$ cat target_18.txt   # compact mmCIF, C-alpha atoms and all ligand atoms
# COMPACT_ATOMS: atom_id res chain seq x y z
CA MET A 1 -13.19 -83.43 -17.88
CA LYS A 2 -11.62 -82.85 -21.27
CA ILE A 3 -13.15 -79.76 -22.83
CA SER A 4 -12.67 -77.82 -26.09
CA ILE A 5 -13.68 -74.20 -26.45
CA ILE A 6 -14.13 -72.81 -29.95
CA GLY A 7 -13.45 -69.07 -30.07
CA THR A 8 -11.10 -67.32 -27.65
CA GLY A 9 -12.82 -63.95 -27.47
CA TYR A 10 -14.01 -62.52 -24.26
CA VAL A 11 -16.44 -65.28 -23.27
CA GLY A 12 -14.29 -68.14 -24.62
CA LEU A 13 -11.07 -67.21 -22.87
CA VAL A 14 -12.72 -66.36 -19.55
CA SER A 15 -14.70 -69.66 -19.62
CA ALA A 16 -11.61 -71.67 -20.61
CA THR A 17 -9.43 -70.17 -17.89
CA ALA A 18 -12.10 -70.49 -15.21
CA LEU A 19 -12.84 -74.12 -16.12
CA ALA A 20 -9.12 -74.96 -16.14
CA SER A 21 -8.84 -73.40 -12.66
CA LYS A 22 -11.51 -75.88 -11.54
CA GLY A 23 -9.33 -78.79 -12.67
CA HIS A 24 -10.66 -79.45 -16.18
CA LYS A 25 -8.30 -80.00 -19.11
CA VAL A 26 -9.16 -77.33 -21.65
CA THR A 27 -8.13 -76.83 -25.27
CA CYS A 28 -8.93 -73.46 -26.82
CA VAL A 29 -9.39 -73.15 -30.58
CA ASP A 30 -9.07 -69.95 -32.58
CA ILE A 31 -8.37 -69.13 -36.22
CA ASP A 32 -6.11 -66.25 -35.16
CA GLU A 33 -2.57 -67.67 -34.91
CA ASP A 34 -1.29 -64.68 -32.97
CA LYS A 35 -3.91 -65.15 -30.28
CA VAL A 36 -3.14 -68.87 -30.05
CA LYS A 37 0.55 -68.08 -29.62
CA LYS A 38 -0.11 -65.51 -26.93
CA ILE A 39 -2.41 -67.82 -24.99
CA ASN A 40 0.15 -70.64 -25.11
CA GLN A 41 2.70 -68.20 -23.66
CA GLY A 42 0.30 -67.44 -20.81
CA THR A 43 -0.40 -63.91 -22.05
CA SER A 44 -4.01 -62.78 -22.21
CA PRO A 45 -5.01 -61.03 -25.45
CA ILE A 46 -7.74 -59.16 -23.52
CA HIS A 47 -7.70 -57.16 -20.32
CA GLU A 48 -9.88 -58.66 -17.60
CA GLU A 49 -9.22 -58.57 -13.88
CA GLY A 50 -7.27 -61.63 -12.68
CA LEU A 51 -7.37 -63.33 -16.08
CA GLU A 52 -3.70 -63.27 -17.04
CA GLU A 53 -2.62 -64.58 -13.65
CA LEU A 54 -5.01 -67.53 -13.77
CA LEU A 55 -4.28 -68.16 -17.47
CA SER A 56 -0.52 -68.38 -17.02
CA LYS A 57 -1.00 -70.68 -14.01
CA ALA A 58 -3.24 -72.95 -16.12
CA ILE A 59 -0.65 -73.01 -18.93
CA GLN A 60 2.18 -73.85 -16.51
CA GLU A 61 0.14 -76.63 -14.94
CA LYS A 62 -0.71 -77.91 -18.44
CA LYS A 63 -4.44 -77.55 -17.77
CA LEU A 64 -4.94 -75.27 -20.77
CA LYS A 65 -3.55 -75.03 -24.27
CA ALA A 66 -4.55 -73.35 -27.51
CA THR A 67 -4.53 -74.50 -31.12
CA THR A 68 -5.88 -73.49 -34.54
CA ASN A 69 -6.94 -77.07 -35.29
CA THR A 70 -10.58 -77.88 -34.37
CA THR A 71 -10.39 -81.59 -35.28
CA GLU A 72 -7.26 -82.05 -33.19
CA ALA A 73 -8.86 -80.32 -30.19
CA ILE A 74 -12.13 -82.21 -30.35
CA LYS A 75 -10.44 -85.59 -30.87
CA ASP A 76 -10.39 -86.34 -27.16
CA SER A 77 -12.93 -83.92 -25.76
CA GLU A 78 -16.07 -85.02 -23.95
CA LEU A 79 -17.52 -81.56 -24.26
CA VAL A 80 -17.19 -78.75 -26.83
CA PHE A 81 -18.29 -75.16 -26.20
CA ILE A 82 -19.09 -72.73 -29.00
CA THR A 83 -18.08 -69.26 -27.82
CA VAL A 84 -17.64 -67.31 -31.04
CA GLY A 85 -19.10 -63.83 -31.55
CA THR A 86 -22.65 -63.03 -32.68
CA PRO A 87 -22.38 -59.43 -33.96
CA SER A 88 -25.27 -57.36 -35.27
CA LYS A 89 -26.02 -57.03 -38.94
CA GLU A 90 -26.91 -53.61 -40.41
CA ASN A 91 -30.62 -54.41 -39.95
CA GLY A 92 -30.14 -55.25 -36.25
CA ARG A 93 -30.52 -59.01 -36.67
CA VAL A 94 -27.88 -61.42 -35.43
CA ASP A 95 -25.06 -62.37 -37.76
CA LEU A 96 -24.85 -66.12 -37.17
CA SER A 97 -22.08 -66.77 -39.71
CA TYR A 98 -19.33 -67.32 -37.07
CA VAL A 99 -21.52 -69.67 -35.03
CA GLU A 100 -22.50 -71.60 -38.15
CA LYS A 101 -18.88 -71.87 -39.31
CA ALA A 102 -17.76 -73.12 -35.87
CA THR A 103 -20.66 -75.61 -35.84
CA ARG A 104 -19.69 -76.87 -39.30
CA ASP A 105 -16.06 -77.38 -38.17
CA ILE A 106 -17.27 -79.24 -35.07
CA GLY A 107 -19.56 -81.41 -37.22
CA LYS A 108 -16.63 -82.35 -39.47
CA ALA A 109 -14.52 -83.18 -36.43
CA LEU A 110 -17.33 -85.33 -34.96
CA LYS A 111 -17.27 -87.44 -38.12
CA GLU A 112 -13.70 -88.49 -37.24
CA LYS A 113 -14.49 -89.15 -33.59
CA LYS A 114 -15.72 -92.42 -32.13
CA GLU A 115 -16.51 -91.36 -28.56
CA TYR A 116 -19.71 -89.62 -27.49
CA CYS A 117 -19.34 -85.85 -27.10
CA VAL A 118 -21.68 -82.99 -26.10
CA VAL A 119 -21.72 -79.86 -28.26
CA THR A 120 -22.73 -76.83 -26.18
CA CYS A 121 -23.57 -73.41 -27.53
CA LYS A 122 -22.57 -70.57 -25.18
CA SER A 123 -22.78 -67.81 -27.78
CA THR A 124 -25.92 -65.68 -27.49
CA VAL A 125 -28.28 -66.88 -30.23
CA PRO A 126 -32.01 -66.20 -30.77
CA PRO A 127 -34.41 -68.83 -29.38
CA THR A 128 -34.74 -71.89 -31.65
CA THR A 129 -31.35 -71.29 -33.37
CA THR A 130 -29.63 -74.32 -31.80
CA GLN A 131 -32.49 -76.64 -32.58
CA GLU A 132 -33.36 -75.37 -36.04
CA LYS A 133 -30.00 -74.27 -37.42
CA LEU A 134 -27.09 -75.73 -35.47
CA ILE A 135 -28.29 -79.31 -34.93
CA PRO A 136 -29.04 -79.80 -38.67
CA ILE A 137 -25.52 -78.53 -39.51
CA LEU A 138 -23.94 -80.90 -36.97
CA GLU A 139 -25.95 -83.86 -38.28
CA GLU A 140 -25.23 -83.05 -41.91
CA GLU A 141 -21.46 -82.64 -41.40
CA SER A 142 -20.97 -85.56 -39.01
CA GLY A 143 -23.41 -87.99 -40.59
CA ARG A 144 -24.58 -88.74 -37.03
CA LYS A 145 -27.79 -88.28 -35.09
CA ALA A 146 -28.10 -85.66 -32.33
CA GLY A 147 -29.43 -87.10 -29.07
CA GLU A 148 -28.16 -90.55 -30.02
CA GLU A 149 -24.60 -90.39 -31.28
CA PHE A 150 -23.71 -86.99 -29.81
CA GLY A 151 -25.31 -84.65 -27.30
CA VAL A 152 -26.34 -80.99 -27.57
CA CYS A 153 -26.81 -78.27 -24.93
CA MET A 154 -27.23 -74.52 -24.69
CA ASN A 155 -25.48 -72.88 -21.75
CA PRO A 156 -25.89 -69.07 -21.74
CA GLU A 157 -23.37 -66.80 -20.05
CA PHE A 158 -24.12 -63.70 -17.96
CA LEU A 159 -20.61 -62.27 -17.68
CA ARG A 160 -20.09 -58.57 -17.02
CA GLU A 161 -17.04 -56.90 -18.53
CA GLY A 162 -14.42 -56.11 -15.92
CA ILE A 163 -15.57 -58.80 -13.47
CA ALA A 164 -16.17 -61.61 -15.94
CA LEU A 165 -13.93 -64.14 -14.20
CA LYS A 166 -15.61 -63.53 -10.86
CA ASP A 167 -19.03 -63.78 -12.54
CA PHE A 168 -18.07 -67.08 -14.19
CA LEU A 169 -16.79 -68.59 -10.96
CA ASN A 170 -19.67 -67.34 -8.76
CA PRO A 171 -22.78 -67.27 -10.93
CA ASP A 172 -26.24 -66.58 -9.50
CA ARG A 173 -27.40 -69.57 -11.49
CA ILE A 174 -26.14 -71.98 -14.13
CA VAL A 175 -28.60 -72.57 -16.94
CA ILE A 176 -28.39 -75.86 -18.82
CA GLY A 177 -30.65 -76.10 -21.85
CA GLU A 178 -30.53 -79.76 -22.85
CA LEU A 179 -31.54 -81.76 -25.87
CA ASP A 180 -31.86 -84.84 -23.65
CA GLU A 181 -31.00 -85.95 -20.11
CA LYS A 182 -27.68 -87.54 -21.06
CA SER A 183 -26.41 -84.30 -22.67
CA GLY A 184 -27.49 -82.27 -19.63
CA ASN A 185 -25.88 -84.72 -17.18
CA ILE A 186 -22.51 -84.43 -18.92
CA LEU A 187 -22.64 -80.62 -18.99
CA GLU A 188 -23.71 -80.56 -15.34
CA LYS A 189 -20.56 -82.56 -14.45
CA THR A 190 -18.50 -79.60 -15.71
CA TYR A 191 -19.96 -77.44 -12.97
CA ARG A 192 -19.72 -79.96 -10.12
CA GLU A 193 -17.18 -77.75 -8.29
CA PHE A 194 -19.50 -74.73 -8.44
CA ASP A 195 -21.59 -73.66 -5.51
CA SER A 196 -24.53 -72.27 -7.54
CA PRO A 197 -28.04 -73.47 -8.37
CA ILE A 198 -28.23 -75.40 -11.63
CA LEU A 199 -31.41 -74.99 -13.65
CA ARG A 200 -32.13 -77.46 -16.41
CA THR A 201 -34.43 -76.37 -19.21
CA SER A 202 -35.16 -77.04 -22.84
CA ILE A 203 -32.61 -75.66 -25.31
CA LYS A 204 -34.89 -72.90 -26.59
CA ALA A 205 -35.88 -71.84 -23.06
CA ALA A 206 -32.17 -71.42 -22.21
CA GLU A 207 -31.72 -69.27 -25.32
CA MET A 208 -34.72 -67.18 -24.27
CA VAL A 209 -33.43 -66.82 -20.68
CA LYS A 210 -30.39 -64.95 -21.96
CA TYR A 211 -32.40 -62.42 -24.00
CA ALA A 212 -35.03 -62.07 -21.28
CA SER A 213 -32.34 -61.39 -18.64
CA ASN A 214 -30.56 -58.71 -20.65
CA SER A 215 -33.86 -57.15 -21.71
CA LEU A 216 -35.15 -56.93 -18.14
CA LEU A 217 -31.91 -55.38 -16.89
CA ALA A 218 -32.00 -52.83 -19.71
CA THR A 219 -35.68 -52.16 -18.92
CA LYS A 220 -34.82 -51.40 -15.29
CA ILE A 221 -32.22 -48.88 -16.46
CA SER A 222 -34.56 -47.09 -18.90
CA PHE A 223 -37.28 -47.13 -16.25
CA ILE A 224 -35.13 -45.45 -13.61
CA ASN A 225 -33.83 -42.97 -16.19
CA GLU A 226 -37.41 -41.96 -16.98
CA ILE A 227 -38.11 -41.53 -13.25
CA GLY A 228 -34.78 -39.69 -12.94
CA ASN A 229 -35.78 -37.18 -15.60
CA MET A 230 -38.96 -36.41 -13.67
CA CYS A 231 -36.96 -36.16 -10.44
CA LYS A 232 -34.53 -33.67 -12.04
CA GLU A 233 -37.46 -31.47 -13.02
CA LEU A 234 -38.86 -31.57 -9.49
CA GLY A 235 -35.58 -31.24 -7.60
CA ILE A 236 -35.76 -34.77 -6.19
CA ASP A 237 -32.67 -36.96 -5.76
CA VAL A 238 -33.36 -40.02 -7.94
CA TYR A 239 -30.75 -42.04 -6.04
CA GLU A 240 -32.67 -41.53 -2.81
CA VAL A 241 -35.79 -42.70 -4.61
CA ALA A 242 -34.00 -45.75 -6.08
CA ASP A 243 -32.52 -46.68 -2.69
CA THR A 244 -35.96 -46.58 -1.11
CA VAL A 245 -37.87 -48.27 -3.94
CA GLY A 246 -35.14 -50.90 -4.18
CA LYS A 247 -35.67 -51.96 -0.57
CA ASP A 248 -38.80 -53.77 -1.74
CA HIS A 249 -37.44 -57.27 -2.31
CA ARG A 250 -39.80 -57.71 -5.26
CA ILE A 251 -38.06 -54.82 -6.99
CA ASN A 252 -34.43 -54.98 -5.77
CA ARG A 253 -31.97 -52.05 -5.89
CA ASP A 254 -29.65 -53.48 -8.59
CA PHE A 255 -29.66 -51.83 -12.02
CA LEU A 256 -31.61 -48.83 -10.76
CA ASN A 257 -28.77 -46.36 -11.14
CA ALA A 258 -29.96 -43.46 -13.26
CA GLY A 259 -27.38 -41.99 -15.60
CA CYS A 260 -26.62 -41.48 -19.26
CA GLY A 261 -28.21 -44.77 -20.32
CA PHE A 262 -26.79 -48.21 -21.03
CA GLY A 263 -24.01 -48.88 -23.52
CA GLY A 264 -21.47 -51.63 -24.09
CA SER A 265 -21.28 -54.53 -26.46
CA CYS A 266 -24.28 -56.51 -25.16
CA PHE A 267 -27.42 -54.65 -24.09
CA PRO A 268 -27.82 -52.46 -27.21
CA LYS A 269 -26.96 -55.33 -29.56
CA ASP A 270 -29.05 -57.99 -27.82
CA LEU A 271 -32.10 -55.79 -27.46
CA ARG A 272 -32.06 -54.81 -31.13
CA ALA A 273 -31.61 -58.43 -32.15
CA PHE A 274 -34.39 -59.61 -29.85
CA ILE A 275 -36.83 -57.00 -31.19
CA SER A 276 -35.93 -57.73 -34.84
CA GLU A 277 -36.32 -61.45 -34.32
CA ALA A 278 -39.65 -61.01 -32.50
CA LYS A 279 -41.03 -58.89 -35.34
CA LYS A 280 -39.66 -60.79 -38.31
CA GLU A 281 -39.84 -64.36 -37.09
CA TRP A 282 -42.40 -64.54 -34.29
CA LYS A 283 -44.97 -61.98 -35.55
CA GLN A 284 -44.78 -59.99 -32.30
CA GLU A 285 -44.78 -56.25 -31.57
CA PRO A 286 -42.44 -55.86 -28.58
CA LYS A 287 -43.58 -52.31 -27.74
CA LEU A 288 -42.08 -52.23 -24.26
CA LEU A 289 -38.62 -53.21 -25.51
CA GLU A 290 -38.79 -50.69 -28.33
CA SER A 291 -39.49 -47.99 -25.74
CA VAL A 292 -36.56 -49.19 -23.66
CA ILE A 293 -34.27 -48.50 -26.63
CA GLU A 294 -35.97 -45.19 -27.41
CA VAL A 295 -35.64 -43.93 -23.82
CA ASN A 296 -32.01 -45.02 -23.85
CA LEU A 297 -31.20 -43.16 -27.08
CA ASP A 298 -32.75 -39.94 -25.75
CA GLN A 299 -31.02 -40.37 -22.41
CA LYS A 300 -27.51 -40.39 -23.83
CA THR A 301 -27.37 -36.68 -24.54
CA LYS A 302 -29.85 -35.45 -21.88
CA LEU A 303 -26.91 -34.18 -19.86
CA VAL A 304 -26.03 -31.68 -22.60
CA GLY A 305 -29.62 -30.37 -22.53
CA LEU A 306 -29.40 -29.90 -18.75
CA LEU A 307 -26.18 -27.95 -19.18
CA GLU A 308 -27.75 -25.77 -21.87
CA GLU A 309 -30.44 -24.76 -19.39
CA LYS A 310 -27.64 -23.16 -17.39
CA ILE A 311 -25.21 -21.81 -19.97
CA ASN A 312 -25.00 -21.04 -23.67
CA LEU A 313 -22.51 -23.56 -25.01
CA GLU A 314 -21.22 -21.46 -27.92
CA GLY A 315 -17.60 -20.52 -27.22
CA THR A 316 -17.44 -22.27 -23.81
CA LYS A 317 -14.98 -24.89 -22.63
CA VAL A 318 -16.58 -28.04 -21.20
CA SER A 319 -14.84 -30.94 -19.50
CA VAL A 320 -16.17 -34.46 -19.95
CA LEU A 321 -15.17 -36.88 -17.20
CA GLY A 322 -15.60 -40.56 -18.09
CA LEU A 323 -15.44 -41.92 -21.62
CA ALA A 324 -15.80 -45.70 -21.16
CA PHE A 325 -19.34 -47.16 -21.35
CA LYS A 326 -19.06 -48.01 -17.65
CA PRO A 327 -16.37 -47.82 -14.96
CA GLY A 328 -13.63 -50.43 -14.82
CA THR A 329 -13.10 -50.85 -18.57
CA ASP A 330 -11.45 -49.12 -21.55
CA ASP A 331 -14.36 -50.21 -23.77
CA ILE A 332 -16.15 -47.29 -25.43
CA ARG A 333 -18.60 -49.31 -27.55
CA ASN A 334 -21.97 -47.52 -27.45
CA SER A 335 -20.62 -45.24 -24.75
CA PRO A 336 -22.84 -42.20 -24.07
CA ALA A 337 -19.66 -40.07 -24.10
CA ILE A 338 -19.47 -40.46 -27.91
CA PRO A 339 -22.76 -38.63 -28.75
CA ILE A 340 -22.29 -36.24 -25.80
CA ILE A 341 -18.95 -35.00 -27.16
CA LYS A 342 -20.42 -34.83 -30.67
CA LYS A 343 -23.32 -32.70 -29.44
CA LEU A 344 -21.07 -30.41 -27.42
CA LYS A 345 -18.89 -29.84 -30.49
CA SER A 346 -21.90 -29.16 -32.70
CA LYS A 347 -23.09 -26.52 -30.22
CA GLY A 348 -19.76 -24.71 -30.52
CA ALA A 349 -18.20 -25.86 -27.23
CA GLU A 350 -14.56 -26.75 -26.82
CA VAL A 351 -14.16 -30.15 -25.09
CA VAL A 352 -11.51 -31.39 -22.65
CA ALA A 353 -11.90 -35.07 -21.80
CA TYR A 354 -10.50 -37.40 -19.18
CA ASP A 355 -10.88 -41.11 -18.47
CA PRO A 356 -8.52 -43.36 -16.47
CA GLU A 357 -8.56 -46.12 -19.14
CA ALA A 358 -10.48 -45.20 -22.28
CA MET A 359 -8.74 -42.11 -23.71
CA GLU A 360 -6.72 -43.96 -26.36
CA ASN A 361 -9.88 -45.57 -27.71
CA MET A 362 -11.82 -42.30 -27.72
CA LYS A 363 -8.99 -40.54 -29.61
CA LYS A 364 -9.84 -42.75 -32.60
CA ILE A 365 -13.43 -41.43 -32.63
CA HIS A 366 -12.92 -37.85 -31.42
CA PRO A 367 -9.30 -37.02 -32.33
CA ASP A 368 -9.97 -33.26 -32.41
CA ILE A 369 -10.68 -32.62 -28.72
CA GLU A 370 -8.24 -32.05 -25.86
CA TYR A 371 -7.36 -34.94 -23.54
CA ALA A 372 -6.15 -34.20 -20.03
CA ASP A 373 -4.00 -36.51 -17.95
CA SER A 374 -5.94 -36.08 -14.71
CA PRO A 375 -9.47 -35.09 -13.65
CA LYS A 376 -7.97 -32.03 -12.00
CA LYS A 377 -6.34 -30.88 -15.25
CA ALA A 378 -9.50 -31.68 -17.19
CA VAL A 379 -11.59 -29.24 -15.18
CA GLN A 380 -8.96 -26.49 -15.02
CA ASP A 381 -10.20 -23.33 -16.69
CA THR A 382 -13.34 -24.92 -18.06
CA ASP A 383 -16.79 -23.41 -17.75
CA ALA A 384 -18.65 -26.60 -16.91
CA CYS A 385 -18.05 -30.28 -16.35
CA LEU A 386 -20.12 -33.32 -17.26
CA ILE A 387 -19.52 -36.54 -15.36
CA VAL A 388 -20.54 -39.23 -17.82
CA THR A 389 -19.11 -42.46 -16.36
CA ASP A 390 -19.18 -42.95 -12.60
CA TRP A 391 -15.57 -43.97 -12.01
CA PRO A 392 -14.99 -44.01 -8.21
CA GLU A 393 -12.22 -41.42 -8.58
CA PHE A 394 -14.81 -38.86 -9.72
CA GLN A 395 -16.63 -39.12 -6.39
CA GLU A 396 -14.64 -36.20 -5.02
CA VAL A 397 -15.96 -33.92 -7.75
CA ASN A 398 -19.48 -35.32 -7.62
CA THR A 399 -21.08 -32.56 -5.56
CA PRO A 400 -23.94 -30.20 -6.41
CA LYS A 401 -21.62 -27.20 -6.71
CA LEU A 402 -18.74 -28.77 -8.53
CA THR A 403 -15.46 -28.11 -6.86
CA LEU A 404 -12.17 -29.80 -7.35
CA GLU A 405 -9.66 -29.10 -4.64
CA GLY A 406 -11.65 -26.02 -3.76
CA ARG A 407 -11.83 -24.66 -7.32
CA ARG A 408 -15.17 -23.67 -8.80
CA MET A 409 -16.26 -23.80 -12.40
CA ASN A 410 -16.16 -20.48 -14.22
CA LYS A 411 -19.79 -20.38 -15.30
CA GLY A 412 -21.83 -23.54 -14.91
CA GLU A 413 -22.23 -26.11 -12.26
CA GLY A 414 -20.86 -29.58 -12.62
CA ILE A 415 -23.53 -31.90 -13.89
CA CYS A 416 -23.99 -35.58 -13.30
CA TRP A 417 -26.89 -37.76 -12.33
C1 LIG B 501 -24.11 -56.99 -19.48
C2 LIG B 501 -24.86 -57.98 -18.56
O1 LIG B 501 -24.84 -57.48 -17.21
C3 LIG B 501 -24.24 -59.37 -18.64
O2 LIG B 501 -24.98 -60.27 -17.83
C4 LIG B 501 -24.27 -59.82 -20.10
O3 LIG B 501 -23.71 -61.10 -20.24
C5 LIG B 501 -23.51 -58.81 -20.97
O4 LIG B 501 -24.10 -57.51 -20.81
P1 LIG B 501 -21.88 -55.52 -19.40
O5 LIG B 501 -22.25 -55.01 -20.74
O6 LIG B 501 -20.47 -55.91 -19.14
O7 LIG B 501 -22.78 -56.81 -19.00
O8 LIG B 501 -22.21 -54.34 -18.37
P2 LIG B 501 -23.20 -54.05 -17.17
O9 LIG B 501 -22.41 -53.90 -15.95
O10 LIG B 501 -24.36 -54.96 -17.12
O11 LIG B 501 -23.73 -52.59 -17.62
C6 LIG B 501 -24.36 -52.38 -18.88
C7 LIG B 501 -24.68 -50.93 -19.09
O12 LIG B 501 -25.73 -50.51 -18.21
C8 LIG B 501 -23.53 -49.97 -18.79
O13 LIG B 501 -23.53 -48.93 -19.74
C9 LIG B 501 -23.83 -49.43 -17.41
O14 LIG B 501 -23.26 -48.17 -17.16
C10 LIG B 501 -25.36 -49.35 -17.49
N1 LIG B 501 -26.01 -49.39 -16.18
C11 LIG B 501 -25.91 -50.47 -15.38
C12 LIG B 501 -26.78 -48.28 -15.77
O15 LIG B 501 -26.91 -47.29 -16.48
N2 LIG B 501 -27.42 -48.36 -14.56
C13 LIG B 501 -27.33 -49.43 -13.74
O16 LIG B 501 -27.94 -49.42 -12.67
C14 LIG B 501 -26.55 -50.54 -14.17
$ encode --input "target_18.txt" --output "structure tokens" --more "lines below"
Ligand code: UDX
Amino acid sequence: MKISIIGTGYVGLVSATALASKGHKVTCVDIDEDKVKKINQGTSPIHEEGLEELLSKAIQEKKLKATTNTTEAIKDSELVFITVGTPSKENGRVDLSYVEKATRDIGKALKEKKEYCVVTCKSTVPPTTTQEKLIPILEEESGRKAGEEFGVCMNPEFLREGIALKDFLNPDRIVIGELDEKSGNILEKTYREFDSPILRTSIKAAEMVKYASNSLLATKISFINEIGNMCKELGIDVYEVADTVGKDHRINRDFLNAGCGFGGSCFPKDLRAFISEAKKEWKQEPKLLESVIEVNLDQKTKLVGLLEEKINLEGTKVSVLGLAFKPGTDDIRNSPAIPIIKKLKSKGAEVVAYDPEAMENMKKIHPDIEYADSPKKAVQDTDACLIVTDWPEFQEVNTPKLTLEGRRMNKGEGICW
């Protein structure tokens, strides 16, 4: 199929490359000329496992190209995906300006186009957005009728940073929210090479599925963190509890790893947006989800409190292992390490940090701490160590009495979950 993808951020580029690898002819559109140039050279502007390899193959085989011109791209596309960002506004609600701008550009391009085409929103937008905001823009700009002269779908993504390509190519399910059967049938054709269940829903149900999925995953994390805090108090290993509870197939072990709480670019943003929307637009009081956020905020610096029960932080040297919001990425957005380091500093501790990927990013936020070039160096001559992100390479130091190559901490024990 001939497909256009508007927005070559994380979701856009991964989707474009994965779809090209399945034999589709994909044109990426972005306003950033530098990005377009890089993509056309087969260079990925973002780091994601396996992406550059597959991207350069798609470019060589002429399955993928990039342009800044929306009208040109859409001219011979049967399907257009909107994959631009939906950041948070100050008040927590979703900033839809990029989605609306992309939709307007697509509407203008549709006016010039004779053939039927399906516009599909992949960006995460609050339920009813596509129907109530995007379709009217498309109709106004194109002068055509949705469901008659062009199709509309909503196709949420569930990609995890670091393994996004794998997630795209092997999804647990593909959700197609459709305006009408014809639109859904065309979108379904895109996924004919995929070996995953396809679920067809209304557009607003598909939008809700995305928020409900992220909210439930975040709820599992806050839940196990609350249990973990009780376990810590009672000397119980929360991981043993999670392993055993998770054996119940109704519960499932995934996303029951206690730790410093969830971070990243999605869960915190999507939960806040969902809650704001529910309160302002749907007259709801989502108390459970508000607690999920509250537990998560408290959880981020709990580790420092645990350390303070053992040592007085004033004048001590503390190593922080793990700065990224999760292993396998250099992304520090909403990483628990940020408030942890802040709190350690405010308590008068000197901090030495180490992360295999995220140190350069953390230097921009905490430039005044020491950065070590190995975990071993990070814990040398420190009084205590906090393991914040569970990178596999920290396994060797993840023992009750923290030792690294036989060396003990001066005063405190190493602390992790
Ligand atoms: C998430 C969703 O998984 C994905 O479907 C959605 O499209 C985008 O948001 P991502 O942010 O890349 O993906 O990371 P994920 O692996 O889900 O982890 C999110 C956060 O939860 C991380 O901070 C992680 O450390 C934390 N987490 C995860 C836990 O604390 N415990 C767990 O058991 C699992």
$ residues_near_point --input "target_18.txt" --point "(-27.8, -29.6, -21.3)" --cutoff "12 Å" --atoms "all atoms listed in the file" --output "number ranges by chain"
A: 299-313, 318, 340-341, 343-344, 347, 349, 384-386, 412-416
$ closest_atom_pairs --input "target_18.txt" --of "chain A" --to "ligand LIG 501 (chain B)" --cutoff "7 Å" --atoms "only C-alpha atoms and all ligand atoms" --output "Markdown table"
| residue | atom | partner | partner_atom | distance |
| --- | --- | --- | --- | --- |
| A:Glu157 | CA | B:LIG501 | O3 | 5.7 |
| A:Phe158 | CA | B:LIG501 | O3 | 3.5 |
| A:Leu159 | CA | B:LIG501 | O3 | 4.2 |
| A:Arg160 | CA | B:LIG501 | O6 | 3.4 |
| A:Glu161 | CA | B:LIG501 | O6 | 3.6 |
| A:Gly162 | CA | B:LIG501 | O6 | 6.9 |
| A:Asn214 | CA | B:LIG501 | C2 | 6.1 |
| A:Ala218 | CA | B:LIG501 | O12 | 6.9 |
| A:Ile221 | CA | B:LIG501 | N2 | 5.2 |
| A:Asp254 | CA | B:LIG501 | O16 | 6.0 |
| A:Phe255 | CA | B:LIG501 | O16 | 3.0 |
| A:Leu256 | CA | B:LIG501 | O16 | 4.2 |
| A:Asn257 | CA | B:LIG501 | O16 | 3.5 |
| A:Ala258 | CA | B:LIG501 | N2 | 5.7 |
| A:Gly259 | CA | B:LIG501 | O15 | 5.4 |
| A:Cys260 | CA | B:LIG501 | O15 | 6.4 |
| A:Gly261 | CA | B:LIG501 | O15 | 4.8 |
| A:Phe262 | CA | B:LIG501 | O13 | 3.6 |
| A:Gly263 | CA | B:LIG501 | O13 | 3.8 |
| A:Gly264 | CA | B:LIG501 | O5 | 4.8 |
| A:Ser265 | CA | B:LIG501 | O5 | 5.8 |
| A:Cys266 | CA | B:LIG501 | O4 | 4.5 |
| A:Phe267 | CA | B:LIG501 | O4 | 5.5 |
| A:Phe325 | CA | B:LIG501 | O13 | 4.8 |
| A:Lys326 | CA | B:LIG501 | O14 | 4.2 |
| A:Ser335 | CA | B:LIG501 | O13 | 6.9 |
$ atom_distance --input "target_18.txt" --atom1 "atom CA of Thr120 of chain A" --atom2 "atom CA of Leu13 of chain A"
15.5 Å
$ residues_around --input "target_18.txt" --residues "Thr8 of chain A" --least-positions-apart "5" --cutoff "10 Å" --atoms "all atoms listed in the file" --output "PyMOL selection string"
chain A and resi 13-16+28-32+35-36+39+45-46+66+82-85
$ atom_distance --input "target_18.txt" --atom1 "atom CA of Ile176 of chain A" --atom2 "atom CA of Met154 of chain A"
6.1 Å
$ atom_distance --input "target_18.txt" --atom1 "atom CA of Glu350 of chain A" --atom2 "atom CA of Ala378 of chain A"
11.9 Å
$ residues_around --input "target_18.txt" --residues "Lys182 of chain A" --least-positions-apart "3" --cutoff "8 Å" --atoms "only C-alpha atoms" --output "MDAnalysis selection string"
chainID A and resid 151 185:186
$ closest_residue --input "target_18.txt" --among "A:Val238, A:Val379, A:Leu297, A:Lys363" --to "Pro339 of chain A" --atoms "only C-alpha atoms"
A:Leu297
$ residues_around --input "target_18.txt" --residues "Tyr354 of chain A" --least-positions-apart "2" --cutoff "9 Å" --atoms "all atoms listed in the file" --output "MDAnalysis selection string"
chainID A and resid 319:323 352 356:359 370:375 377:378
$ residues_around --input "target_18.txt" --residues "Lys204 of chain A" --least-positions-apart "2" --cutoff "9 Å" --atoms "all atoms listed in the file" --output "ChimeraX atom specification"
/A:126-131,154,177-178,201-202,206-209
$ axis_aligned_box --input "target_18.txt" --around "segment 344-360 of chain A" --padding-each-side "3 Å" --output "lines of an AutoDock Vina configuration file"
center_x = -14.9
center_y = -35.4
center_z = -24.6
size_x = 22.4
size_y = 27.4
size_z = 22.2
$ residues_around --input "target_18.txt" --residues "segment 42-44 of chain A" --least-positions-apart "4" --cutoff "9 Å" --atoms "all atoms listed in the file" --output "list in words"
Leu13, Lys35, Lys37, Lys38, Glu48, Leu51, Glu52, Glu53, Leu54, Leu55, Ser56, Lys57, Ala58, Ile59 and Gln60 of chain A
